[in-house]
file work-v6.cif (mmCIF, C-alpha atoms)
data_input
loop_
_atom_site.label_atom_id
_atom_site.label_comp_id
_atom_site.auth_asym_id
_atom_site.auth_seq_id
_atom_site.Cartn_x
_atom_site.Cartn_y
_atom_site.Cartn_z
CA MET Q 1 -17.51 54.38 85.50
CA GLY Q 2 -14.33 52.84 84.41
CA TRP Q 3 -11.41 50.76 85.46
CA GLN Q 4 -8.84 48.59 83.82
CA VAL Q 5 -9.00 44.86 84.27
CA LEU Q 6 -5.65 43.64 83.03
CA THR Q 7 -3.11 40.95 83.85
CA CYS Q 8 -1.80 43.60 86.25
CA ILE Q 9 -4.40 45.40 88.33
CA GLN Q 10 -4.85 49.17 88.22
CA THR Q 11 -5.72 50.03 91.83
CA HIS Q 12 -9.16 51.49 92.40
CA ASP Q 13 -11.78 51.35 95.08
CA LYS Q 14 -14.94 49.47 94.18
CA ARG Q 15 -17.02 52.33 95.50
CA ARG Q 16 -16.23 54.30 92.34
CA VAL Q 17 -18.93 52.22 90.71
CA LEU Q 18 -21.41 54.20 92.79
CA GLY Q 19 -19.75 57.51 91.93
CA GLN Q 20 -18.19 57.84 95.38
CA GLU Q 21 -14.68 58.85 96.35
CA PRO Q 22 -12.12 56.10 97.03
CA ASP Q 23 -11.40 55.10 100.62
CA PRO Q 24 -7.67 55.85 101.07
CA ASP Q 25 -7.48 53.49 104.05
CA ASN Q 26 -8.52 50.55 101.93
CA ASP Q 27 -6.59 50.87 98.68
CA ILE Q 28 -4.68 47.70 97.90
CA ASP Q 29 -1.72 49.74 96.73
CA THR Q 30 -1.17 52.99 94.90
CA ASN Q 31 0.86 51.26 92.19
CA ILE Q 32 0.16 48.62 89.63
CA MET Q 33 0.87 45.22 91.14
CA ASN Q 34 1.01 41.78 89.61
CA VAL Q 35 -1.71 39.20 90.04
CA LYS Q 36 0.10 37.07 92.61
CA GLN Q 37 0.73 40.05 94.86
CA TYR Q 38 -2.86 41.17 94.48
CA ILE Q 39 -4.30 37.75 95.37
CA THR Q 40 -1.94 37.39 98.32
CA GLU Q 41 -3.00 40.80 99.62
CA THR Q 42 -6.64 39.82 99.14
CA GLY Q 43 -6.05 36.68 101.20
CA LEU Q 44 -4.36 38.62 103.98
CA ARG Q 45 -7.27 41.05 104.15
CA ALA Q 46 -9.81 38.22 104.17
CA ARG Q 47 -8.02 36.40 106.99
CA SER Q 48 -7.96 39.58 109.07
CA ALA Q 49 -11.65 40.20 108.38
CA ALA Q 50 -12.56 36.60 109.23
CA ARG Q 51 -11.41 37.06 112.83
CA LEU Q 52 -13.76 40.02 113.22
CA MET Q 53 -16.66 38.30 111.45
CA ALA Q 54 -16.41 35.26 113.72
CA LYS Q 55 -17.38 37.37 116.73
CA ALA Q 56 -19.92 39.61 114.99
CA GLN Q 57 -23.32 39.75 116.69
CA THR Q 58 -26.38 38.40 114.88
CA ALA Q 59 -28.10 41.80 114.94
CA THR Q 60 -25.08 43.45 113.34
CA LYS Q 61 -24.93 40.87 110.58
CA ASN Q 62 -28.65 41.26 109.96
CA ASP Q 63 -28.27 45.05 109.80
CA ALA Q 64 -25.58 44.60 107.16
CA LEU Q 65 -27.77 42.26 105.10
CA THR Q 66 -30.82 44.51 105.14
CA GLY Q 67 -28.61 47.54 104.52
CA ILE Q 68 -27.03 45.93 101.46
CA ALA Q 69 -30.51 45.04 100.21
CA SER Q 70 -31.57 48.69 100.47
CA ILE Q 71 -28.43 49.88 98.70
CA LEU Q 72 -28.94 47.40 95.86
CA ARG Q 73 -32.44 48.76 95.29
CA ALA Q 74 -31.26 52.38 95.53
CA GLU Q 75 -28.42 51.76 93.09
CA SER Q 76 -30.52 49.81 90.58
CA ALA Q 77 -29.71 52.26 87.77
CA SER Q 78 -25.96 52.07 88.45
CA LEU Q 79 -26.09 48.28 88.55
CA MET Q 80 -27.89 48.10 85.22
CA GLN Q 81 -25.42 50.58 83.74
CA ALA Q 82 -22.54 48.34 84.75
CA ASN Q 83 -24.41 45.29 83.49
CA ALA Q 84 -24.93 46.96 80.12
CA LEU Q 85 -21.14 46.97 79.64
CA ASP Q 86 -21.05 43.24 80.24
CA MET Q 87 -24.03 42.62 77.97
CA ASP Q 88 -22.47 44.63 75.13
CA ALA Q 89 -19.21 42.70 75.43
CA ALA Q 90 -21.07 39.39 75.57
CA ARG Q 91 -23.01 40.16 72.41
CA LYS Q 92 -19.83 41.19 70.61
CA ASN Q 93 -18.28 37.89 71.68
CA ARG Q 94 -21.40 36.08 70.41
CA ILE Q 95 -22.20 34.51 73.75
CA GLU Q 96 -25.00 31.97 73.43
CA PRO Q 97 -28.54 33.18 74.30
CA ALA Q 98 -28.83 31.02 77.43
CA MET Q 99 -25.74 32.65 78.94
CA LEU Q 100 -26.95 36.10 77.94
CA ASP Q 101 -30.15 35.43 79.83
CA ARG Q 102 -28.21 34.39 82.93
CA LEU Q 103 -26.03 37.48 82.67
CA VAL Q 104 -28.68 40.19 82.41
CA LEU Q 105 -29.64 42.39 85.36
CA ASN Q 106 -33.00 44.16 85.36
CA PRO Q 107 -35.13 45.76 88.09
CA SER Q 108 -36.87 42.47 88.83
CA ARG Q 109 -33.63 40.54 89.28
CA ILE Q 110 -32.05 43.28 91.36
CA ASN Q 111 -35.08 43.28 93.63
CA ALA Q 112 -34.85 39.48 93.83
CA MET Q 113 -31.23 39.80 94.98
CA ALA Q 114 -32.31 42.26 97.65
CA GLU Q 115 -35.17 40.01 98.78
CA GLY Q 116 -32.77 37.08 98.98
CA LEU Q 117 -30.55 39.02 101.38
CA GLU Q 118 -33.56 39.96 103.49
CA GLN Q 119 -34.59 36.31 103.63
CA ILE Q 120 -31.11 35.35 104.83
CA ALA Q 121 -31.36 38.04 107.52
CA ALA Q 122 -34.59 36.42 108.72
CA LEU Q 123 -32.98 32.98 109.13
CA ALA Q 124 -31.71 31.72 112.46
CA ASP Q 125 -28.01 32.35 113.02
CA PRO Q 126 -26.21 29.01 113.40
CA VAL Q 127 -23.01 30.52 114.84
CA GLY Q 128 -22.53 29.85 118.56
CA GLU Q 129 -25.19 27.16 118.74
CA VAL Q 130 -24.22 24.61 121.41
CA SER Q 131 -25.40 21.01 121.19
CA ASN Q 132 -24.99 17.63 122.88
CA MET Q 133 -23.69 19.00 126.18
CA HIS Q 134 -23.36 16.10 128.60
CA TYR Q 135 -21.44 15.14 131.73
CA ARG Q 136 -18.64 12.64 131.58
CA PRO Q 137 -17.82 10.31 134.51
CA THR Q 138 -14.91 12.64 135.36
CA GLY Q 139 -17.36 15.48 135.99
CA ILE Q 140 -16.44 17.59 132.98
CA GLN Q 141 -19.13 18.70 130.52
CA VAL Q 142 -18.47 18.03 126.83
CA GLY Q 143 -20.42 19.38 123.88
CA LYS Q 144 -20.13 21.01 120.48
CA MET Q 145 -20.32 24.63 119.36
CA ARG Q 146 -21.07 25.69 115.80
CA VAL Q 147 -18.45 28.08 114.38
CA PRO Q 148 -17.68 29.73 111.01
CA LEU Q 149 -15.32 28.03 108.57
CA GLY Q 150 -13.18 31.18 108.33
CA VAL Q 151 -12.38 32.33 104.79
CA VAL Q 152 -14.54 30.85 102.03
CA GLY Q 153 -13.38 31.17 98.42
CA ILE Q 154 -16.12 30.92 95.80
CA ILE Q 155 -15.44 30.63 92.06
CA TYR Q 156 -18.45 30.92 89.81
CA GLU Q 157 -19.62 31.75 86.31
CA SER Q 158 -22.14 33.95 84.53
CA ARG Q 159 -24.83 34.89 87.05
CA PRO Q 160 -24.20 38.23 88.81
CA ASN Q 161 -26.85 37.39 91.42
CA VAL Q 162 -24.48 34.73 92.81
CA THR Q 163 -22.30 37.59 94.05
CA ALA Q 164 -25.05 38.83 96.33
CA ASP Q 165 -26.29 35.36 97.33
CA ALA Q 166 -22.83 34.06 98.20
CA ALA Q 167 -21.86 37.21 100.05
CA GLY Q 168 -25.08 37.13 102.06
CA LEU Q 169 -24.73 33.50 103.13
CA CYS Q 170 -21.08 33.89 104.08
CA LEU Q 171 -21.81 37.10 105.97
CA LYS Q 172 -24.66 35.58 108.03
CA SER Q 173 -22.61 32.48 108.83
CA GLY Q 174 -19.78 34.64 110.18
CA ASN Q 175 -17.28 33.99 107.40
CA ALA Q 176 -15.15 36.24 105.26
CA THR Q 177 -15.31 35.42 101.56
CA ILE Q 178 -13.29 35.92 98.41
CA LEU Q 179 -15.49 35.83 95.31
CA ARG Q 180 -14.18 35.25 91.81
CA GLY Q 181 -16.92 35.66 89.21
CA GLY Q 182 -16.73 34.98 85.51
CA SER Q 183 -15.00 37.44 83.21
CA GLU Q 184 -18.24 37.96 81.31
CA ALA Q 185 -19.80 39.59 84.42
CA ILE Q 186 -16.83 41.63 85.67
CA HIS Q 187 -18.54 45.05 85.61
CA SER Q 188 -21.77 43.74 87.13
CA ASN Q 189 -19.96 41.91 89.91
CA GLN Q 190 -17.84 44.93 90.81
CA ALA Q 191 -20.93 47.13 90.96
CA ILE Q 192 -22.65 44.67 93.28
CA ALA Q 193 -19.46 44.43 95.33
CA ALA Q 194 -19.50 48.20 95.81
CA CYS Q 195 -23.00 47.97 97.29
CA ILE Q 196 -21.94 45.13 99.59
CA ARG Q 197 -18.88 47.04 100.76
CA GLN Q 198 -20.94 50.09 101.59
CA GLY Q 199 -23.49 48.03 103.52
CA LEU Q 200 -20.79 46.31 105.55
CA LYS Q 201 -19.20 49.62 106.52
CA GLN Q 202 -22.53 51.15 107.50
CA ALA Q 203 -23.19 48.19 109.82
CA GLY Q 204 -19.74 48.49 111.42
CA LEU Q 205 -18.38 45.28 109.89
CA PRO Q 206 -15.06 45.01 108.02
CA ALA Q 207 -15.47 45.92 104.37
CA ASP Q 208 -12.93 43.22 103.50
CA ALA Q 209 -15.31 40.54 104.77
CA VAL Q 210 -16.51 40.33 101.15
CA GLN Q 211 -13.95 40.85 98.40
CA VAL Q 212 -14.71 40.35 94.72
CA ILE Q 213 -11.56 39.73 92.69
CA GLU Q 214 -11.11 42.49 90.15
CA THR Q 215 -9.02 40.75 87.52
CA THR Q 216 -10.23 38.42 84.80
CA ASP Q 217 -6.79 36.84 84.51
CA ARG Q 218 -7.07 33.05 84.88
CA GLU Q 219 -3.85 33.07 86.89
CA ALA Q 220 -5.81 34.66 89.73
CA VAL Q 221 -7.75 31.43 90.24
CA GLY Q 222 -4.55 29.40 90.24
CA TYR Q 223 -2.98 31.57 92.93
CA LEU Q 224 -6.16 31.54 95.00
CA LEU Q 225 -6.21 27.74 94.96
CA GLN Q 226 -2.64 27.63 96.28
CA MET Q 227 -3.29 29.71 99.43
CA PRO Q 228 -4.44 27.35 102.22
CA GLU Q 229 -2.87 29.70 104.74
CA TYR Q 230 -5.52 32.30 103.83
CA VAL Q 231 -8.45 30.31 102.38
CA ASP Q 232 -10.10 27.56 104.43
CA VAL Q 233 -12.41 26.09 101.81
CA ILE Q 234 -13.13 26.58 98.08
CA ILE Q 235 -16.55 26.25 96.47
CA PRO Q 236 -16.70 26.12 92.65
CA ARG Q 237 -20.02 26.87 90.95
CA GLY Q 238 -20.08 26.34 87.21
CA GLY Q 239 -19.37 23.87 84.46
CA LYS Q 240 -17.63 20.54 84.79
CA GLY Q 241 -14.35 21.95 83.46
CA LEU Q 242 -14.19 24.61 86.16
CA ILE Q 243 -15.03 22.16 88.94
CA GLN Q 244 -12.45 19.64 87.72
CA ARG Q 245 -9.75 22.31 87.58
CA VAL Q 246 -10.53 23.50 91.09
CA SER Q 247 -10.67 19.95 92.46
CA GLU Q 248 -7.32 19.05 90.92
CA GLN Q 249 -5.43 22.22 91.86
CA ALA Q 250 -6.85 23.29 95.23
CA LYS Q 251 -4.64 22.84 98.30
CA MET Q 252 -7.61 23.34 100.62
CA PRO Q 253 -10.89 21.36 100.95
CA VAL Q 254 -13.36 21.73 98.07
CA ILE Q 255 -17.15 21.60 98.39
CA LYS Q 256 -18.43 20.51 95.01
CA HIS Q 257 -20.43 18.30 92.71
CA LEU Q 258 -19.27 17.38 89.22
CA ASP Q 259 -22.46 16.01 87.67
CA GLY Q 260 -26.16 15.89 88.32
CA ILE Q 261 -27.14 12.54 86.83
CA CYS Q 262 -30.47 12.31 88.62
CA HIS Q 263 -32.88 9.36 88.40
CA VAL Q 264 -36.58 8.79 88.90
CA TYR Q 265 -37.55 5.16 89.48
CA ILE Q 266 -41.22 4.29 88.94
CA ASP Q 267 -41.85 1.25 91.12
CA ASP Q 268 -44.34 -1.49 90.26
CA SER Q 269 -46.55 -0.25 93.10
CA ALA Q 270 -46.51 3.40 92.00
CA ASP Q 271 -49.61 5.55 91.73
CA LEU Q 272 -49.84 6.22 87.99
CA THR Q 273 -50.97 9.84 88.30
CA LYS Q 274 -48.14 10.65 90.70
CA ALA Q 275 -45.65 8.82 88.51
CA VAL Q 276 -46.55 10.78 85.38
CA ASP Q 277 -46.54 14.14 87.15
CA ILE Q 278 -43.21 13.52 88.90
CA ALA Q 279 -41.46 12.10 85.83
CA MET Q 280 -42.58 15.04 83.71
CA ASN Q 281 -41.78 17.74 86.26
CA SER Q 282 -38.38 16.25 87.08
CA LYS Q 283 -37.35 16.44 83.43
CA THR Q 284 -39.23 19.32 81.84
CA HIS Q 285 -39.57 21.95 84.57
CA ARG Q 286 -36.09 23.22 83.64
CA TYR Q 287 -33.52 21.42 81.53
CA GLY Q 288 -30.24 23.16 82.30
CA VAL Q 289 -30.16 22.58 86.05
CA CYS Q 290 -28.26 20.03 88.11
CA ASN Q 291 -31.39 18.58 89.76
CA ALA Q 292 -33.22 17.78 86.52
CA MET Q 293 -33.90 14.10 85.89
CA GLU Q 294 -31.57 12.64 83.26
CA CYS Q 295 -32.63 8.99 83.45
CA LEU Q 296 -36.04 7.39 83.98
CA LEU Q 297 -36.19 3.86 85.37
CA VAL Q 298 -39.48 1.96 85.12
CA ALA Q 299 -40.44 -1.38 86.65
CA GLU Q 300 -41.04 -3.93 83.92
CA SER Q 301 -44.50 -5.02 85.07
CA ILE Q 302 -45.99 -1.54 84.65
CA ALA Q 303 -43.77 -0.20 81.84
CA PRO Q 304 -46.32 -0.55 78.99
CA VAL Q 305 -48.95 1.44 80.89
CA VAL Q 306 -46.55 4.08 82.21
CA LEU Q 307 -44.78 4.68 78.91
CA ALA Q 308 -48.07 4.86 77.02
CA LYS Q 309 -48.91 7.85 79.23
CA LEU Q 310 -45.49 9.48 79.32
CA ALA Q 311 -44.19 9.11 75.77
CA PRO Q 312 -46.75 11.46 74.15
CA LEU Q 313 -46.17 14.05 76.87
CA TYR Q 314 -42.41 13.98 76.40
CA ALA Q 315 -42.87 14.18 72.63
CA LYS Q 316 -45.12 17.22 73.02
CA ALA Q 317 -42.46 18.84 75.22
CA GLY Q 318 -39.80 18.15 72.60
CA VAL Q 319 -37.84 15.71 74.77
CA GLU Q 320 -35.71 13.13 72.97
CA ILE Q 321 -35.76 9.69 74.61
CA ARG Q 322 -32.91 7.20 74.35
CA GLY Q 323 -33.94 3.81 75.65
CA CYS Q 324 -32.89 0.22 76.31
CA ASP Q 325 -33.93 -2.72 74.13
CA LYS Q 326 -36.99 -3.49 76.27
CA SER Q 327 -38.21 0.09 76.16
CA ARG Q 328 -37.72 0.25 72.37
CA LYS Q 329 -40.06 -2.69 71.96
CA ILE Q 330 -42.74 -0.55 73.58
CA LEU Q 331 -41.59 2.72 71.96
CA PRO Q 332 -40.04 1.65 68.64
CA ASP Q 333 -39.42 5.21 67.44
CA ILE Q 334 -36.99 6.18 70.21
CA LYS Q 335 -33.22 6.04 69.85
CA ALA Q 336 -31.13 3.28 71.39
CA ALA Q 337 -29.37 4.22 74.63
CA THR Q 338 -25.68 3.45 75.17
CA ASP Q 339 -23.69 3.10 78.37
CA GLN Q 340 -22.45 6.62 77.72
CA ASP Q 341 -26.03 7.91 77.63
CA TYR Q 342 -26.72 6.48 81.07
CA ALA Q 343 -23.59 8.22 82.36
CA THR Q 344 -24.41 11.60 80.79
CA GLU Q 345 -25.78 14.77 82.36
CA TYR Q 346 -27.58 16.18 79.32
CA LEU Q 347 -28.75 19.53 80.73
CA ALA Q 348 -30.98 19.54 77.65
CA PRO Q 349 -34.32 18.10 76.42
CA ILE Q 350 -32.77 14.64 76.15
CA MET Q 351 -33.21 11.76 78.58
CA SER Q 352 -32.30 8.11 78.91
CA LEU Q 353 -34.79 5.38 79.74
CA ARG Q 354 -34.38 1.90 81.10
CA ILE Q 355 -36.89 -0.78 82.02
CA VAL Q 356 -35.72 -2.70 85.08
CA SER Q 357 -36.97 -5.90 86.64
CA GLY Q 358 -37.71 -4.18 89.93
CA LEU Q 359 -36.24 -2.28 92.84
CA ASP Q 360 -33.02 -4.31 93.09
CA GLN Q 361 -32.06 -3.64 89.49
CA ALA Q 362 -33.02 0.02 89.84
CA LEU Q 363 -30.70 0.32 92.84
CA GLU Q 364 -27.90 -1.38 90.91
CA HIS Q 365 -28.36 1.00 87.97
CA ILE Q 366 -28.28 4.10 90.19
CA ASP Q 367 -25.19 2.82 91.97
CA GLN Q 368 -23.42 2.22 88.65
CA TYR Q 369 -24.39 5.34 86.71
CA GLY Q 370 -25.54 7.91 89.26
CA SER Q 371 -23.52 10.91 90.42
CA LYS Q 372 -24.74 10.86 94.05
CA HIS Q 373 -26.74 14.04 93.54
CA THR Q 374 -30.51 13.43 93.66
CA ASP Q 375 -32.60 10.32 93.04
CA ALA Q 376 -36.31 9.65 93.56
CA ILE Q 377 -38.68 6.70 93.80
CA VAL Q 378 -42.39 6.77 93.02
CA THR Q 379 -44.08 4.05 95.04
CA GLU Q 380 -46.96 3.25 97.39
CA ASN Q 381 -44.97 0.39 98.92
CA PHE Q 382 -43.63 1.49 102.33
CA VAL Q 383 -40.94 -1.20 102.45
CA ASN Q 384 -39.62 -0.28 98.98
CA ALA Q 385 -39.63 3.40 99.90
CA GLN Q 386 -37.63 2.67 103.06
CA ARG Q 387 -35.14 0.53 101.16
CA PHE Q 388 -34.67 3.25 98.55
CA LEU Q 389 -34.03 5.87 101.24
CA ALA Q 390 -31.53 3.64 103.01
CA GLU Q 391 -29.68 2.15 100.04
CA VAL Q 392 -29.36 5.01 97.54
CA ASP Q 393 -26.07 6.77 98.31
CA SER Q 394 -26.94 10.27 97.12
CA SER Q 395 -26.95 13.68 98.78
CA SER Q 396 -30.74 13.92 98.32
CA VAL Q 397 -33.04 10.88 98.18
CA MET Q 398 -36.77 11.38 97.60
CA VAL Q 399 -40.01 9.44 97.82
CA ASN Q 400 -42.95 10.54 95.66
CA ALA Q 401 -41.47 13.96 94.89
CA SER Q 402 -39.80 15.62 91.91
CA THR Q 403 -36.00 15.82 91.84
CA ARG Q 404 -36.44 19.55 91.16
CA PHE Q 405 -37.00 20.07 94.89
CA ALA Q 406 -33.28 19.48 95.55
CA ASP Q 407 -32.59 23.14 96.15
CA GLY Q 408 -31.60 25.28 99.11
CA PHE Q 409 -34.67 27.50 98.93
CA GLU Q 410 -37.05 24.55 98.72
CA TYR Q 411 -35.30 22.89 101.67
CA GLY Q 412 -35.90 25.95 103.83
CA LEU Q 413 -32.28 27.08 103.79
CA GLY Q 414 -33.22 30.51 102.42
CA ALA Q 415 -30.64 30.15 99.68
CA GLU Q 416 -27.70 27.93 98.85
CA ILE Q 417 -24.07 28.40 97.99
CA GLY Q 418 -24.12 25.24 95.88
CA ILE Q 419 -24.81 21.53 96.17
CA SER Q 420 -22.30 19.09 97.59
CA THR Q 421 -22.08 15.43 96.66
CA ASP Q 422 -19.12 14.93 98.97
CA LYS Q 423 -19.52 12.71 102.03
CA PHE Q 424 -17.91 14.85 104.68
CA HIS Q 425 -19.08 18.04 106.39
CA ALA Q 426 -21.62 19.58 103.99
CA ARG Q 427 -23.76 17.30 101.81
CA GLY Q 428 -26.64 18.31 99.55
CA PRO Q 429 -27.67 21.99 99.26
CA VAL Q 430 -25.16 24.06 101.23
CA GLY Q 431 -26.77 26.82 103.26
CA LEU Q 432 -25.80 28.60 106.45
CA GLU Q 433 -25.13 25.45 108.45
CA GLY Q 434 -22.99 24.04 105.63
CA LEU Q 435 -20.80 27.14 105.88
CA THR Q 436 -20.04 26.38 109.51
CA SER Q 437 -18.28 23.60 111.35
CA GLN Q 438 -18.35 22.36 114.94
CA LYS Q 439 -15.71 22.38 117.61
CA TYR Q 440 -15.74 20.54 120.91
CA ILE Q 441 -16.16 22.63 124.03
CA VAL Q 442 -15.32 21.37 127.52
CA ILE Q 443 -16.50 22.96 130.78
CA GLY Q 444 -14.98 21.99 134.09
CA ASN Q 445 -14.59 23.35 137.59
CA GLY Q 446 -10.94 22.95 138.35
CA HIS Q 447 -10.91 19.43 136.95
CA VAL Q 448 -7.55 17.78 136.25
CA ARG Q 449 -6.91 14.44 134.63
CA LYS Q 450 -5.68 11.69 136.93
#
call {"tool": "encode", "arguments": {"input": "work-v6.cif", "output": "structure tokens"}}
result
Amino acid sequence: MGWQVLTCIQTHDKRRVLGQEPDPDNDIDTNIMNVKQYITETGLRARSAARLMAKAQTATKNDALTGIASILRAESASLMQANALDMDAARKNRIEPAMLDRLVLNPSRINAMAEGLEQIAALADPVGEVSNMHYRPTGIQVGKMRVPLGVVGIIYESRPNVTADAAGLCLKSGNATILRGGSEAIHSNQAIAACIRQGLKQAGLPADAVQVIETTDREAVGYLLQMPEYVDVIIPRGGKGLIQRVSEQAKMPVIKHLDGICHVYIDDSADLTKAVDIAMNSKTHRYGVCNAMECLLVAESIAPVVLAKLAPLYAKAGVEIRGCDKSRKILPDIKAATDQDYATEYLAPIMSLRIVSGLDQALEHIDQYGSKHTDAIVTENFVNAQRFLAEVDSSSVMVNASTRFADGFEYGLGAEIGISTDKFHARGPVGLEGLTSQKYIVIGNGHVRK
């Protein structure tokens, strides 16, 4: 198992990861080529594959997904061998423990990747779905048909499982995809890519429908972002720096979210038991995720009772609270919150707290400091719940539920490619439907416009 990943790419077929012979019909070139040439060739191949994927039958796509799942399980030892190279390099580079945990592949995680692909295969295929067909006064029928986006570029960090998840979602939605994983997972991603390639070929689909970029050179991302003629949409998954770079440099549409500054507002008519459970789960279930609560808002009339229940629980969980002046009168030991705190996605056991006069002030706070990701209200007041749903301008708005539910799997999407806080096309967790668009279709019977 070995290949060079340099500023210039040494040609090899990904199937070597599995100890198989190269496919001479699919070599990028027999010579070393520079990064720009390589990325351009990747784009050309993806565009060609996208045309074939757009007309692929559902059964064929499902065969590919279940076939890839079987290959992943069969090649578990090879995948872990490749992952060991990445883990050794990460330890030598003193990568932080949290990233090491995200990077590791083991039998359980490999099986989870396979199960994820099987779940995607079981989902309804959105491609070709026709809706809103109706007759116009002229006699023509007008409606919409759901179609793939084309070529989806995905740039992500750390987690090798994203390679399988992203490939599976793009495959089922009839797209070709170009995947660019983090340099820390280069061997793992190429090993997974080899399994995907084999599964596509066995199902009779173009192997180039899923291409994982083989170079760790940062220039590769720059070239990819400058190819709207080959790439229809870019999806960045990673830290704020990555997403900002992609948003600033991309010449094609970007599906993204920059921050997950999520709020829970405990209304003055909230059920106390629900409020405590939701506020705790939203913050402490997992800290380093985009749908974790970062700011708790509490109605002034019930703040003393609510905080008396919550403060000891947060303290026991090791959560640091930074609060407003009113909240510090109730909890004098907490730190003072600043405007910057309210605008911060901590991704850590730290949270901000503000006591508000009621729903109106809570809505104003969310509008000022929120990131349009996920916000929740805890209330037994139907009118307040309806106002919150209507007036909070976020991709997910919840009533009496933890913000941690803002997730593709929990929404019944099977998986997600990411979460979008944009206001066009895809919004919220992006699953199969978010990887498609709609085009108008018109059916006539010799009709001409007069």
call {"tool": "closest_residue", "arguments": {"input": "work-v6.cif", "among": "Q:Tyr287, Q:Phe382, Q:Tyr265, Q:Tyr346", "to": "Glu300 of chain Q", "atoms": "only C-alpha atoms"}}
result
Q:Tyr265
call {"tool": "closest_residue", "arguments": {"input": "work-v6.cif", "among": "Q:Leu117, Q:Ile255, Q:Val127, Q:Leu205", "to": "Asp165 of chain Q", "atoms": "all atoms listed in the file"}}
result
Q:Leu117
call {"tool": "resolve_selection", "arguments": {"input": "work-v6.cif", "expression": "the PyMOL selection byres ((chain Q and resi 275) around 12)", "output": "PyMOL selection string"}}
result
chain Q and resi 264-274+276-282+296-299+302-303+305-307+309-310+376-380+399-402
call {"tool": "atom_distance", "arguments": {"input": "work-v6.cif", "atom1": "atom CA of Glu410 of chain Q", "atom2": "atom CA of Cys170 of chain Q"}}
result
19.3 Å
call {"tool": "residues_around", "arguments": {"input": "work-v6.cif", "residues": "segment 65-70 of chain Q", "least_positions_apart": "6", "cutoff": "6 Å", "atoms": "all atoms listed in the file", "output": "mmCIF file with C-alpha atoms, in the frame of the given file"}}
result
data_model
loop_
_atom_site.group_PDB
_atom_site.id
_atom_site.type_symbol
_atom_site.label_atom_id
_atom_site.label_comp_id
_atom_site.auth_asym_id
_atom_site.auth_seq_id
_atom_site.Cartn_x
_atom_site.Cartn_y
_atom_site.Cartn_z
ATOM 1 C CA ALA Q 114 -32.310 42.260 97.650
ATOM 2 C CA LEU Q 117 -30.550 39.020 101.380
ATOM 3 C CA GLU Q 118 -33.560 39.960 103.490
ATOM 4 C CA ILE Q 196 -21.940 45.130 99.590
ATOM 5 C CA GLY Q 199 -23.490 48.030 103.520
#
call {"tool": "closest_residue", "arguments": {"input": "work-v6.cif", "among": "Q:Val151, Q:Met87, Q:Ala82, Q:Ala54", "to": "His187 of chain Q", "atoms": "all atoms listed in the file"}}
result
Q:Ala82
call {"tool": "atom_distance", "arguments": {"input": "work-v6.cif", "atom1": "atom CA of Glu214 of chain Q", "atom2": "atom CA of Gln198 of chain Q"}}
result
16.9 Å
call {"tool": "residues_around", "arguments": {"input": "work-v6.cif", "residues": "Val152 of chain Q", "least_positions_apart": "3", "cutoff": "8 Å", "atoms": "all atoms listed in the file", "output": "VMD selection string"}}
result
chain Q and resid 149 170 175 to 178 231 to 235
call {"tool": "residues_around", "arguments": {"input": "work-v6.cif", "residues": "Leu353 of chain Q", "least_positions_apart": "6", "cutoff": "8 Å", "atoms": "only C-alpha atoms", "output": "PyMOL selection string"}}
result
chain Q and resi 295-298+321-324+327+337
call {"tool": "closest_atom_pairs", "arguments": {"input": "work-v6.cif", "of": "segment 105-163 of chain Q", "to": "segment 439-445 of chain Q", "cutoff": "7 Å", "atoms": "all atoms listed in the file", "output": "CSV"}}
result
residue,atom,partner,partner_atom,distance
Q:Ile140,CA,Q:Gly444,CA,4.8
Q:Gln141,CA,Q:Ile443,CA,5.0
Q:Val142,CA,Q:Val442,CA,4.6
Q:Gly143,CA,Q:Ile441,CA,5.4
Q:Lys144,CA,Q:Tyr440,CA,4.4
Q:Met145,CA,Q:Lys439,CA,5.4
Q:Arg146,CA,Q:Lys439,CA,6.6
call {"tool": "resolve_selection", "arguments": {"input": "work-v6.cif", "expression": "the PyMOL selection byres ((chain Q and resi 155-160) around 7)", "output": "VMD selection string"}}
result
chain Q and resid 99 102 to 103 153 to 154 161 to 163 179 to 182 184 to 185 188 to 189 235 to 238
call {"tool": "atom_distance", "arguments": {"input": "work-v6.cif", "atom1": "atom CA of Gly260 of chain Q", "atom2": "atom CA of Ser357 of chain Q"}}
result
24.4 Å
call {"tool": "residues_around", "arguments": {"input": "work-v6.cif", "residues": "Tyr230 of chain Q", "least_positions_apart": "5", "cutoff": "8 Å", "atoms": "all atoms listed in the file", "output": "PyMOL selection string"}}
result
chain Q and resi 43-44+46-47+151
call {"tool": "residues_around", "arguments": {"input": "work-v6.cif", "residues": "Leu200 of chain Q", "least_positions_apart": "3", "cutoff": "9 Å", "atoms": "only C-alpha atoms", "output": "JSON, numbers by chain"}}
result
{"Q": [61, 63, 64, 65, 67, 68, 195, 196, 197, 203, 204, 205, 206, 207, 208, 209, 210]}
call {"tool": "closest_residue", "arguments": {"input": "work-v6.cif", "among": "Q:Thr138, Q:Ser437, Q:Phe409, Q:Ser395", "to": "Lys450 of chain Q", "atoms": "all atoms listed in the file"}}
result
Q:Thr138
call {"tool": "closest_residue", "arguments": {"input": "work-v6.cif", "among": "Q:Ala77, Q:Val35, Q:Val430, Q:Ala166", "to": "Thr215 of chain Q", "atoms": "only C-alpha atoms"}}
result
Q:Val35
